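Trainee: One structure, pasted below without further comment.
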Amino acid sequence: MAYINLNAKAYQHNLNLLAQKSGGIEKIMAVLKDNAYGHGLIQMAPLATACGIKRAVVKNQEEALSICDFFEQTLVLIEPNPKNAKIDSKIAYSANDLDALCNFPNKTHIHLKLDSGMGRNGVRQEHLEEAFALIKKRELCLDGVFTHFYGADIIGGDFFSQKYQYEKMKEKCKNLANHHNLTMPVFHSKNSSALLRVDGVMKDDFARVGIAGYGYTDLDSSFGSFDLKPVMSLWANKISSRELEKGDIVGYCGIFRANKNMKVSTYDIGYGDGLFRYNGNGILQVENQKPLLGKMSMDSFSLEGSEDKVCVFTDVRNMAKYFDTITYEILTKLSPNLKRITKPLN
Ligand SMILES: *Cc1c(COP(=O)(O)O)cnc(C)c1O
């Protein structure tokens, strides 16, 4: 059966590197949304704890319920129906607009999302007074306030102007919290790219680290080079081997035709397991540089040779490049049904 190897030491290494910029590992929230970027939520949550992480960020309540015991608090980014929120200090919900503030049950633990320029989720500057008045009136527990950067990984001024806007809103939130006699919430804004760009140590209470923890960054090399190590490697096992004669074909549509007598083997992973579908055009190589032969099938692909197992990738960047996408997309699409095996910390 095809499987994913998780290198716990690589995760710890990446987090320790990022902790230098966050000001400590306890100031990192591990972003474990979307099955921990395909790595496996239930495998990565205890690993994060073992590395010293105290908080997690997930997509939905279901993910939060499955891992919240590992953390002091787990933040749910998306709750389409705020009325369904659980009242539990271990689970906090992103309040993505004023409407949500009207609908969370009293005493729900929330982090108020600020729209500091991304134009996606969050409350805008001009609605902050109204937001805090609602929080007070509805007796919501404001545990945190946060924003998200749209351009932390691009060159140019976008990141700085948004950061400036966030700092302004942060001050205003502090004043409003005091004004309403609320316990001061924690503040967080930085994702991986924004944290990697910090010179020295960040000022916020927390950073939300996803992709860099898993070993990747999309930051341009002009921002420096970072010693990140991929956590995941993907492996497949041989299903069968055969000897082809010159002129024999492999796979759907006969795209690959042997130009010599050769031995080929078929391996047990395909697009049905969430891998992007290679259509037989261009050259897509597995880790040992062998090219896939012909189109990828739903549950298999073929290579020359007869090794019992092959590593599909240890570094997903080559595949992301081939498919003209980002590392995040290849990783998150990997099926939750693939077996995950953790190489432990010690
Ligand atoms: C996904 C996400 C992150 C993590 O982003 P990375 O680039 O993977 O570090 C942080 N914050 C929010 C709100 C997110 O949705």
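Ordering of the structure tokens sets the chain letters (A, B, ...), residue numbers begin anew at 1 in every chain, and ligands are numbered from 1 in the order given.
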Could you list, as a tab-separated table (two decimals) with N, CA and C atoms, in the first residue's frame, every residue within 8 Å of Ile330 of chain A, counting only C-alpha atoms and ignoring same-chain residues fewer than 5 positions away?

Mentor:
```tsv
chain	number	residue	atom	x	y	z
A	275	LEU	N	-3.04	12.30	-5.94
A	275	LEU	CA	-1.91	12.84	-6.70
A	275	LEU	C	-2.44	13.56	-7.93
A	276	PHE	N	-1.78	14.62	-8.34
A	276	PHE	CA	-2.18	15.26	-9.59
A	276	PHE	C	-1.99	14.27	-10.73
A	316	VAL	N	8.36	18.21	-2.54
A	316	VAL	CA	7.23	18.30	-3.45
A	316	VAL	C	7.38	19.44	-4.47
A	319	MET	N	7.28	18.57	-8.24
A	319	MET	CA	5.95	18.25	-8.76
A	319	MET	C	5.09	19.51	-8.87
A	320	ALA	N	5.21	20.39	-7.88
A	320	ALA	CA	4.45	21.64	-7.92
A	320	ALA	C	4.86	22.45	-9.15
A	325	THR	N	1.83	24.83	-10.01
A	325	THR	CA	1.02	25.20	-8.84
A	325	THR	C	1.94	25.37	-7.64
```

Trainee: Show me which residues are within 7 Å of ligand 1 counting only C-alpha atoms and all ligand atoms, and format the list as a PyMOL selection string.

Mentor: chain A and resi 31+77+148+190-193+208-212

Trainee: Residues of the last selection are to be written out with all heavy atoms, as an mmCIF file, in the first residue's frame.

Mentor:
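What ended up in out17.cif:
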```cif
data_model
loop_
_atom_site.group_PDB
_atom_site.id
_atom_site.type_symbol
_atom_site.label_atom_id
_atom_site.label_comp_id
_atom_site.auth_asym_id
_atom_site.auth_seq_id
_atom_site.Cartn_x
_atom_site.Cartn_y
_atom_site.Cartn_z
ATOM 1 N N VAL A 31 -0.560 25.532 12.314
ATOM 2 C CA VAL A 31 -1.727 25.502 11.436
ATOM 3 C C VAL A 31 -1.874 24.073 10.893
ATOM 4 O O VAL A 31 -1.020 23.572 10.162
ATOM 5 C CB VAL A 31 -1.607 26.532 10.298
ATOM 6 C CG1 VAL A 31 -2.850 26.487 9.414
ATOM 7 C CG2 VAL A 31 -1.431 27.938 10.883
ATOM 8 N N LEU A 77 -11.067 28.367 11.980
ATOM 9 C CA LEU A 77 -11.081 29.513 11.062
ATOM 10 C C LEU A 77 -12.450 29.733 10.430
ATOM 11 O O LEU A 77 -12.835 30.856 10.148
ATOM 12 C CB LEU A 77 -10.036 29.318 9.954
ATOM 13 C CG LEU A 77 -8.573 29.423 10.399
ATOM 14 C CD1 LEU A 77 -7.646 29.027 9.251
ATOM 15 C CD2 LEU A 77 -8.238 30.833 10.888
ATOM 16 N N HIS A 148 -4.754 38.585 8.550
ATOM 17 C CA HIS A 148 -4.016 37.704 7.631
ATOM 18 C C HIS A 148 -3.485 38.566 6.481
ATOM 19 O O HIS A 148 -4.189 39.433 5.976
ATOM 20 C CB HIS A 148 -4.979 36.630 7.102
ATOM 21 C CG HIS A 148 -4.296 35.489 6.404
ATOM 22 N ND1 HIS A 148 -3.206 34.844 6.909
ATOM 23 C CD2 HIS A 148 -4.570 34.868 5.229
ATOM 24 C CE1 HIS A 148 -2.828 33.872 6.079
ATOM 25 N NE2 HIS A 148 -3.642 33.868 5.048
ATOM 26 N N LYS A 190 0.932 36.942 11.681
ATOM 27 C CA LYS A 190 1.885 36.424 10.683
ATOM 28 C C LYS A 190 1.699 34.960 10.326
ATOM 29 O O LYS A 190 1.622 34.106 11.192
ATOM 30 C CB LYS A 190 3.315 36.657 11.173
ATOM 31 C CG LYS A 190 3.639 38.141 11.241
ATOM 32 C CD LYS A 190 5.012 38.419 11.786
ATOM 33 C CE LYS A 190 5.330 39.897 11.616
ATOM 34 N NZ LYS A 190 4.347 40.767 12.285
ATOM 35 N N ASN A 191 1.646 34.703 9.036
ATOM 36 C CA ASN A 191 1.743 33.331 8.525
ATOM 37 C C ASN A 191 3.229 33.030 8.304
ATOM 38 O O ASN A 191 4.094 33.820 8.700
ATOM 39 C CB ASN A 191 0.920 33.184 7.241
ATOM 40 C CG ASN A 191 1.447 34.065 6.112
ATOM 41 O OD1 ASN A 191 2.325 34.916 6.315
ATOM 42 N ND2 ASN A 191 0.936 33.871 4.922
ATOM 43 N N SER A 192 3.525 31.923 7.659
ATOM 44 C CA SER A 192 4.928 31.526 7.488
ATOM 45 C C SER A 192 5.759 32.610 6.817
ATOM 46 O O SER A 192 6.819 32.992 7.313
ATOM 47 C CB SER A 192 5.010 30.253 6.642
ATOM 48 O OG SER A 192 4.379 29.190 7.280
ATOM 49 N N SER A 193 5.301 33.074 5.660
ATOM 50 C CA SER A 193 6.104 34.041 4.900
ATOM 51 C C SER A 193 6.356 35.303 5.708
ATOM 52 O O SER A 193 7.468 35.821 5.746
ATOM 53 C CB SER A 193 5.398 34.433 3.605
ATOM 54 O OG SER A 193 5.222 33.308 2.805
ATOM 55 N N ARG A 208 0.999 32.305 13.169
ATOM 56 C CA ARG A 208 0.285 31.098 12.701
ATOM 57 C C ARG A 208 1.104 30.459 11.584
ATOM 58 O O ARG A 208 1.154 30.961 10.466
ATOM 59 C CB ARG A 208 -1.112 31.469 12.184
ATOM 60 C CG ARG A 208 -2.001 32.164 13.218
ATOM 61 C CD ARG A 208 -3.371 32.489 12.626
ATOM 62 N NE ARG A 208 -3.261 33.215 11.370
ATOM 63 C CZ ARG A 208 -3.151 34.527 11.263
ATOM 64 N NH1 ARG A 208 -3.146 35.296 12.333
ATOM 65 N NH2 ARG A 208 -3.038 35.093 10.075
ATOM 66 N N VAL A 209 1.726 29.354 11.907
ATOM 67 C CA VAL A 209 2.681 28.761 10.975
ATOM 68 C C VAL A 209 2.142 27.485 10.341
ATOM 69 O O VAL A 209 1.836 26.518 11.031
ATOM 70 C CB VAL A 209 4.006 28.461 11.700
ATOM 71 C CG1 VAL A 209 4.901 27.589 10.841
ATOM 72 C CG2 VAL A 209 4.709 29.765 12.063
ATOM 73 N N GLY A 210 1.992 27.536 9.033
ATOM 74 C CA GLY A 210 1.580 26.355 8.288
ATOM 75 C C GLY A 210 2.733 25.818 7.463
ATOM 76 O O GLY A 210 3.580 25.060 7.948
ATOM 77 N N ILE A 211 2.822 26.261 6.230
ATOM 78 C CA ILE A 211 3.700 25.646 5.224
ATOM 79 C C ILE A 211 5.172 25.554 5.653
ATOM 80 O O ILE A 211 5.836 24.550 5.368
ATOM 81 C CB ILE A 211 3.559 26.387 3.858
ATOM 82 C CG1 ILE A 211 4.071 25.520 2.705
ATOM 83 C CG2 ILE A 211 4.229 27.740 3.877
ATOM 84 C CD1 ILE A 211 3.175 24.382 2.314
ATOM 85 N N ALA A 212 5.675 26.569 6.353
ATOM 86 C CA ALA A 212 7.104 26.526 6.723
ATOM 87 C C ALA A 212 7.370 25.414 7.737
ATOM 88 O O ALA A 212 8.445 24.812 7.737
ATOM 89 C CB ALA A 212 7.556 27.875 7.265
#
```

Trainee: Please give the complete set of residues from segment 102-282 of chain A that DSSP, run on the backbone, assigns to alpha helix (DSSP H), formatted as a ChimeraX atom specification.

Mentor: /A:102-103,128-137,158-179,192-196

Trainee: Which residues of segment 158-251 of chain A come within 10 Å of segment 114-133 of chain A, and what is each one's closest atom pair and distance in Å (one decimal), counting only C-alpha atoms, sorted by chain and residue number, as a tab-separated table?

Mentor:
```
residue	atom	partner	partner_atom	distance
A:Asp158	CA	A:Gly117	CA	9.2
A:Phe159	CA	A:Gly117	CA	9.7
A:Ser161	CA	A:Gly117	CA	8.7
A:Gln162	CA	A:Gly117	CA	5.9
A:Lys163	CA	A:Ser116	CA	7.9
A:Tyr164	CA	A:Ser116	CA	8.9
A:Gln165	CA	A:Ser116	CA	5.8
A:Tyr166	CA	A:Ser116	CA	5.4
A:Glu167	CA	A:Ser116	CA	9.1
A:Lys168	CA	A:Gln125	CA	8.9
A:Met169	CA	A:Gln125	CA	6.4
A:Lys170	CA	A:Leu114	CA	8.9
A:Lys172	CA	A:Leu128	CA	7.9
A:Cys173	CA	A:Leu128	CA	7.3
A:Leu176	CA	A:Phe132	CA	6.7
A:Ala177	CA	A:Phe132	CA	7.4
A:His179	CA	A:Phe132	CA	9.4
A:His180	CA	A:Phe132	CA	7.7
A:Leu182	CA	A:Phe132	CA	9.5
A:Ser189	CA	A:Leu114	CA	9.4
```

Trainee: Let me see the file: selected residues, N, CA and C atoms, as a tab-separated table (two decimals), in the first residue's frame.

Mentor:
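The resulting result_23.tsv:
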```
chain	number	residue	atom	x	y	z
A	158	ASP	N	3.15	45.97	-0.77
A	158	ASP	CA	1.85	45.52	-0.26
A	158	ASP	C	1.92	45.07	1.20
A	159	PHE	N	2.93	44.27	1.49
A	159	PHE	CA	3.06	43.71	2.83
A	159	PHE	C	3.20	44.82	3.86
A	161	SER	N	2.35	48.07	3.64
A	161	SER	CA	1.19	48.93	3.85
A	161	SER	C	0.12	48.19	4.64
A	162	GLN	N	-0.01	46.88	4.40
A	162	GLN	CA	-1.00	46.13	5.18
A	162	GLN	C	-0.57	46.01	6.65
A	163	LYS	N	0.73	45.83	6.84
A	163	LYS	CA	1.24	45.73	8.21
A	163	LYS	C	0.95	47.02	8.97
A	164	TYR	N	1.15	48.13	8.28
A	164	TYR	CA	0.89	49.45	8.89
A	164	TYR	C	-0.58	49.56	9.30
A	165	GLN	N	-1.45	49.13	8.37
A	165	GLN	CA	-2.89	49.18	8.66
A	165	GLN	C	-3.24	48.28	9.86
A	166	TYR	N	-2.63	47.10	9.90
A	166	TYR	CA	-2.87	46.18	11.02
A	166	TYR	C	-2.42	46.80	12.34
A	167	GLU	N	-1.23	47.39	12.34
A	167	GLU	CA	-0.72	47.99	13.59
A	167	GLU	C	-1.68	49.08	14.09
A	168	LYS	N	-2.22	49.85	13.16
A	168	LYS	CA	-3.18	50.90	13.53
A	168	LYS	C	-4.42	50.27	14.16
A	169	MET	N	-4.93	49.21	13.51
A	169	MET	CA	-6.15	48.56	14.01
A	169	MET	C	-5.88	47.88	15.35
A	170	LYS	N	-4.70	47.34	15.50
A	170	LYS	CA	-4.33	46.68	16.75
A	170	LYS	C	-4.38	47.68	17.92
A	172	LYS	N	-6.11	50.38	18.05
A	172	LYS	CA	-7.50	50.75	18.27
A	172	LYS	C	-8.21	49.64	19.07
A	173	CYS	N	-7.91	48.39	18.74
A	173	CYS	CA	-8.53	47.27	19.47
A	173	CYS	C	-8.11	47.27	20.94
A	176	LEU	N	-10.11	49.89	22.62
A	176	LEU	CA	-11.52	49.48	22.77
A	176	LEU	C	-11.67	48.40	23.84
A	177	ALA	N	-10.69	47.51	23.93
A	177	ALA	CA	-10.75	46.46	24.96
A	177	ALA	C	-10.69	47.12	26.34
A	179	HIS	N	-11.51	50.22	27.02
A	179	HIS	CA	-12.73	51.01	27.15
A	179	HIS	C	-13.90	50.16	27.66
A	180	HIS	N	-13.97	48.92	27.16
A	180	HIS	CA	-15.08	48.03	27.54
A	180	HIS	C	-14.73	47.13	28.71
A	182	LEU	N	-12.51	44.80	28.96
A	182	LEU	CA	-12.33	43.40	28.57
A	182	LEU	C	-10.91	42.97	28.93
A	189	SER	N	-0.80	37.87	13.66
A	189	SER	CA	-1.00	38.29	12.27
A	189	SER	C	-0.18	37.47	11.27
```

Trainee: Per residue of segment 189-288 of chain A within 10 Å of segment 34-54 of chain A, which atom pair is closest and at what distance in Å (one decimal), using only C-alpha atoms, listed by chain and increasing number, as a tab-separated table?

Mentor:
```
residue	atom	partner	partner_atom	distance
A:Gly210	CA	A:Tyr37	CA	7.8
A:Ile211	CA	A:Tyr37	CA	7.7
A:Gly213	CA	A:Ala48	CA	9.7
A:Tyr214	CA	A:Tyr37	CA	8.2
A:Val231	CA	A:His39	CA	8.3
A:Met232	CA	A:His39	CA	6.8
A:Ser233	CA	A:His39	CA	9.5
A:Gly274	CA	A:Gly38	CA	9.7
```

Trainee: For the residues in that selection, give me N, CA, C and O atoms as a CSV table (one decimal), in the first residue's frame.

Mentor:
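Produced file out-v9.csv, reproduced below:
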```csv
chain,number,residue,atom,x,y,z
A,210,GLY,N,2.0,27.5,9.0
A,210,GLY,CA,1.6,26.4,8.3
A,210,GLY,C,2.7,25.8,7.5
A,210,GLY,O,3.6,25.1,7.9
A,211,ILE,N,2.8,26.3,6.2
A,211,ILE,CA,3.7,25.6,5.2
A,211,ILE,C,5.2,25.6,5.7
A,211,ILE,O,5.8,24.5,5.4
A,213,GLY,N,6.4,25.1,8.6
A,213,GLY,CA,6.5,24.0,9.5
A,213,GLY,C,6.7,22.7,8.8
A,213,GLY,O,7.5,21.8,9.2
A,214,TYR,N,6.0,22.6,7.6
A,214,TYR,CA,6.1,21.4,6.8
A,214,TYR,C,7.3,21.4,5.9
A,214,TYR,O,7.5,20.4,5.2
A,231,VAL,N,8.8,17.7,5.7
A,231,VAL,CA,8.4,16.7,6.7
A,231,VAL,C,7.9,15.4,6.0
A,231,VAL,O,8.2,14.3,6.4
A,232,MET,N,7.3,15.6,4.8
A,232,MET,CA,6.6,14.4,4.2
A,232,MET,C,7.5,13.9,3.1
A,232,MET,O,8.1,14.6,2.3
A,233,SER,N,7.5,12.5,3.0
A,233,SER,CA,7.9,11.9,1.8
A,233,SER,C,6.8,10.9,1.4
A,233,SER,O,6.2,10.3,2.3
A,274,GLY,N,-5.2,11.2,-4.8
A,274,GLY,CA,-5.1,12.6,-4.6
A,274,GLY,C,-3.8,13.2,-5.3
A,274,GLY,O,-3.6,14.4,-5.3
```

Trainee: With a distance cut-off of 10 Å and only C-alpha atoms, select the neighbouring residues of Gly251 of chain A, excluding the residue or stretch itself and same-chain residues fewer than 5 positions from it, and output the selection as a ChimeraX atom specification.

Mentor: /A:256-257,266,280,293-297,300-302

Trainee: Go ahead and write the residues just picked, N, CA and C atoms, as an mmCIF file, in the first residue's frame.

Mentor:
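Resulting contents of again-v4.cif:
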```
data_model
loop_
_atom_site.group_PDB
_atom_site.id
_atom_site.type_symbol
_atom_site.label_atom_id
_atom_site.label_comp_id
_atom_site.auth_asym_id
_atom_site.auth_seq_id
_atom_site.Cartn_x
_atom_site.Cartn_y
_atom_site.Cartn_z
ATOM 1 N N PHE A 256 2.833 5.821 -24.046
ATOM 2 C CA PHE A 256 4.231 5.384 -23.983
ATOM 3 C C PHE A 256 4.399 4.119 -24.813
ATOM 4 N N ARG A 257 5.392 4.129 -25.683
ATOM 5 C CA ARG A 257 5.712 2.960 -26.491
ATOM 6 C C ARG A 257 7.200 2.666 -26.322
ATOM 7 N N THR A 266 4.733 -1.546 -12.146
ATOM 8 C CA THR A 266 3.616 -0.662 -11.844
ATOM 9 C C THR A 266 3.514 -0.502 -10.330
ATOM 10 N N GLY A 280 0.874 12.113 -19.311
ATOM 11 C CA GLY A 280 1.782 11.468 -20.253
ATOM 12 C C GLY A 280 2.557 12.440 -21.126
ATOM 13 N N LEU A 293 5.984 6.442 -17.050
ATOM 14 C CA LEU A 293 5.791 5.946 -18.414
ATOM 15 C C LEU A 293 4.309 6.003 -18.769
ATOM 16 N N GLY A 294 3.956 6.853 -19.696
ATOM 17 C CA GLY A 294 2.563 6.960 -20.113
ATOM 18 C C GLY A 294 1.710 7.658 -19.074
ATOM 19 N N LYS A 295 0.390 7.627 -19.308
ATOM 20 C CA LYS A 295 -0.525 8.345 -18.409
ATOM 21 C C LYS A 295 -0.597 7.678 -17.045
ATOM 22 N N MET A 296 -0.765 8.482 -16.024
ATOM 23 C CA MET A 296 -1.023 7.951 -14.699
ATOM 24 C C MET A 296 -2.439 7.387 -14.664
ATOM 25 N N SER A 297 -2.620 6.244 -14.035
ATOM 26 C CA SER A 297 -3.958 5.668 -13.872
ATOM 27 C C SER A 297 -4.559 6.131 -12.549
ATOM 28 N N SER A 300 -2.534 3.757 -10.054
ATOM 29 C CA SER A 300 -1.171 3.288 -10.313
ATOM 30 C C SER A 300 -0.456 4.145 -11.354
ATOM 31 N N PHE A 301 0.845 3.988 -11.384
ATOM 32 C CA PHE A 301 1.647 4.507 -12.492
ATOM 33 C C PHE A 301 2.785 3.525 -12.742
ATOM 34 N N SER A 302 3.461 3.662 -13.874
ATOM 35 C CA SER A 302 4.505 2.708 -14.248
ATOM 36 C C SER A 302 5.848 3.389 -14.432
#
```

Trainee: Point out the residue among A:Gly200, A:Glu79, A:Leu284, A:Asn279 with the least atom-to-atom distance to Ile255 of chain A, counting only C-alpha atoms.

Mentor: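 Looking only at the distances to Ile255 of chain A, the closest residue turns out to be A:Asn279.
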
Trainee: Neighbours of Ala236 of chain A within 7 Å (only C-alpha atoms; same-chain residues fewer than 6 positions away dropped), as a list in words?

Mentor: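 Within the cut-off, the hits are Met1, Ala2, Tyr3, Tyr267, Asp268, Ile269, Lys309, Val310, Cys311 and Val312 of chain A.
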
Trainee: Mind checking which residues fall within 9 Å of Asp227 of chain A, counting only C-alpha atoms, ignoring those fewer than 4 positions away in the same chain, and posting them as JSON, numbers by chain?

Mentor: {"A": [13, 14, 17, 215]}

Trainee: Set the distance at 6 Å and use only C-alpha atoms: which residues neighbour Phe187 of chain A once local chain neighbours fewer than 6 positions away are removed? I'd like the list as a list of chain:residue names.

Mentor: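 So the residues in contact are A:Gly144, A:Val145, A:Phe146, A:Asp204, A:Asp205.
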
Trainee: So that I have them on file, write out the residues from the current selection with all heavy atoms, as a short mmCIF file (atom, residue, chain, number, x, y, z; two decimals), in the first residue's frame.

Mentor:
```cif
data_model
loop_
_atom_site.label_atom_id
_atom_site.label_comp_id
_atom_site.auth_asym_id
_atom_site.auth_seq_id
_atom_site.Cartn_x
_atom_site.Cartn_y
_atom_site.Cartn_z
N GLY A 144 -8.79 36.56 21.38
CA GLY A 144 -7.75 36.98 20.46
C GLY A 144 -8.27 37.93 19.39
O GLY A 144 -9.48 38.05 19.18
N VAL A 145 -7.34 38.62 18.76
CA VAL A 145 -7.63 39.48 17.61
C VAL A 145 -6.54 39.19 16.58
O VAL A 145 -5.37 39.08 16.94
CB VAL A 145 -7.58 40.97 18.01
CG1 VAL A 145 -7.74 41.86 16.78
CG2 VAL A 145 -8.66 41.30 19.05
N PHE A 146 -6.95 39.02 15.33
CA PHE A 146 -5.92 38.67 14.34
C PHE A 146 -6.27 39.15 12.95
O PHE A 146 -7.39 39.54 12.66
CB PHE A 146 -5.67 37.16 14.35
CG PHE A 146 -6.74 36.31 13.68
CD1 PHE A 146 -6.46 35.63 12.51
CD2 PHE A 146 -8.00 36.17 14.24
CE1 PHE A 146 -7.40 34.82 11.90
CE2 PHE A 146 -8.96 35.36 13.64
CZ PHE A 146 -8.67 34.69 12.46
N ASP A 204 4.04 40.56 17.88
CA ASP A 204 2.76 39.93 18.24
C ASP A 204 2.93 38.85 19.31
O ASP A 204 4.04 38.40 19.59
CB ASP A 204 2.14 39.26 17.01
CG ASP A 204 1.43 40.23 16.10
OD1 ASP A 204 0.98 41.29 16.58
OD2 ASP A 204 1.30 39.92 14.90
N ASP A 205 1.80 38.42 19.86
CA ASP A 205 1.83 37.34 20.87
C ASP A 205 2.03 35.97 20.22
O ASP A 205 2.62 35.08 20.82
CB ASP A 205 0.51 37.33 21.65
CG ASP A 205 0.28 38.67 22.35
OD1 ASP A 205 1.11 39.02 23.20
OD2 ASP A 205 -0.71 39.36 22.01
#
```

Trainee: Identify which of the residues A:Phe70, A:Tyr322, A:Phe104, A:Tyr328 lies closest to Asp218 of chain A, counting only C-alpha atoms when measuring atom-to-atom distances.

Mentor: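 Of the candidates, the smallest distance to Asp218 of chain A is held by A:Tyr328.
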
Trainee: I'd like to know which of A:Ala92, A:Ile249, A:Ile87, A:Cys141 is closest to Gln73 of chain A, using only C-alpha atoms.

Mentor: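 Of A:Ala92, A:Ile249, A:Ile87, A:Cys141, the one nearest Gln73 of chain A, counting only C-alpha atoms, is A:Ala92.
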
Trainee: Could you state the separation of atom CA of Leu134 of chain A and atom CA of Leu98 of chain A in Å, given to one decimal place?

Mentor: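 Value for the atom CA of Leu134 of chain A-atom CA of Leu98 of chain A distance: 8.1 Å.
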
Trainee: Can you list, as an mmCIF file with all heavy atoms, in the first residue's frame, every protein, DNA or RNA residue that comes within 8 Å of Lys343 of chain A when you count only C-alpha atoms, leaving out same-chain residues fewer than 2 positions away?

Mentor:
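Output file out11.cif follows:
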```
data_model
loop_
_atom_site.group_PDB
_atom_site.id
_atom_site.type_symbol
_atom_site.label_atom_id
_atom_site.label_comp_id
_atom_site.auth_asym_id
_atom_site.auth_seq_id
_atom_site.Cartn_x
_atom_site.Cartn_y
_atom_site.Cartn_z
ATOM 1 N N ASN A 5 5.527 8.994 4.649
ATOM 2 C CA ASN A 5 6.444 8.998 5.789
ATOM 3 C C ASN A 5 6.498 10.401 6.365
ATOM 4 O O ASN A 5 6.672 11.367 5.615
ATOM 5 C CB ASN A 5 7.846 8.596 5.339
ATOM 6 C CG ASN A 5 8.221 7.227 5.839
ATOM 7 O OD1 ASN A 5 7.620 6.716 6.794
ATOM 8 N ND2 ASN A 5 9.209 6.624 5.213
ATOM 9 N N LEU A 6 6.373 10.523 7.669
ATOM 10 C CA LEU A 6 6.452 11.828 8.319
ATOM 11 C C LEU A 6 7.725 11.879 9.156
ATOM 12 O O LEU A 6 7.920 11.038 10.036
ATOM 13 C CB LEU A 6 5.230 12.051 9.211
ATOM 14 C CG LEU A 6 3.890 12.038 8.482
ATOM 15 C CD1 LEU A 6 2.744 11.995 9.485
ATOM 16 C CD2 LEU A 6 3.764 13.260 7.575
ATOM 17 N N ASN A 7 8.545 12.852 8.871
ATOM 18 C CA ASN A 7 9.819 12.990 9.568
ATOM 19 C C ASN A 7 9.654 13.985 10.727
ATOM 20 O O ASN A 7 9.693 15.200 10.530
ATOM 21 C CB ASN A 7 10.872 13.463 8.564
ATOM 22 C CG ASN A 7 12.237 13.584 9.180
ATOM 23 O OD1 ASN A 7 12.383 13.600 10.407
ATOM 24 N ND2 ASN A 7 13.243 13.681 8.337
ATOM 25 N N ALA A 8 9.454 13.445 11.907
ATOM 26 C CA ALA A 8 9.188 14.287 13.079
ATOM 27 C C ALA A 8 10.349 15.238 13.360
ATOM 28 O O ALA A 8 10.138 16.395 13.735
ATOM 29 C CB ALA A 8 8.925 13.405 14.300
ATOM 30 N N LYS A 9 11.546 14.759 13.149
ATOM 31 C CA LYS A 9 12.726 15.615 13.433
ATOM 32 C C LYS A 9 12.760 16.822 12.509
ATOM 33 O O LYS A 9 13.167 17.901 12.908
ATOM 34 C CB LYS A 9 14.018 14.804 13.267
ATOM 35 C CG LYS A 9 14.273 13.869 14.432
ATOM 36 C CD LYS A 9 15.771 13.601 14.582
ATOM 37 C CE LYS A 9 16.048 12.789 15.834
ATOM 38 N NZ LYS A 9 16.213 11.370 15.557
ATOM 39 N N ILE A 341 2.970 7.177 8.293
ATOM 40 C CA ILE A 341 3.897 6.538 9.221
ATOM 41 C C ILE A 341 4.839 7.602 9.762
ATOM 42 O O ILE A 341 5.459 8.339 8.994
ATOM 43 C CB ILE A 341 4.724 5.433 8.514
ATOM 44 C CG1 ILE A 341 3.791 4.365 7.956
ATOM 45 C CG2 ILE A 341 5.751 4.832 9.471
ATOM 46 C CD1 ILE A 341 4.471 3.389 7.010
ATOM 47 N N LEU A 345 10.482 11.292 17.145
ATOM 48 C CA LEU A 345 11.487 12.297 17.470
ATOM 49 C C LEU A 345 12.758 11.663 18.018
ATOM 50 O O LEU A 345 13.845 12.132 17.772
ATOM 51 C CB LEU A 345 10.929 13.269 18.501
ATOM 52 C CG LEU A 345 10.083 14.428 17.956
ATOM 53 C CD1 LEU A 345 9.557 15.277 19.084
ATOM 54 C CD2 LEU A 345 10.890 15.272 16.983
#
```

Trainee: Do you have the atom CA of Lys86 of chain A-atom CA of Asn181 of chain A distance handy?

Mentor: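 Atom CA of Asn181 of chain A lies at a distance of 24.3 Å from atom CA of Lys86 of chain A.
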
Trainee: Using DSSP on the backbone, list every residue of segment 59-194 of chain A that comes out as strand (DSSP E), and give them as a ChimeraX atom specification.

Mentor: /A:73-76,91-95,109-114,141-147,186-190

Trainee: Can you tell me how far atom CA of Pro336 of chain A sits from atom CA of Asn237 of chain A, in Å to one decimal?

Mentor: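 Going from atom CA of Pro336 of chain A over to atom CA of Asn237 of chain A covers 17.8 Å.
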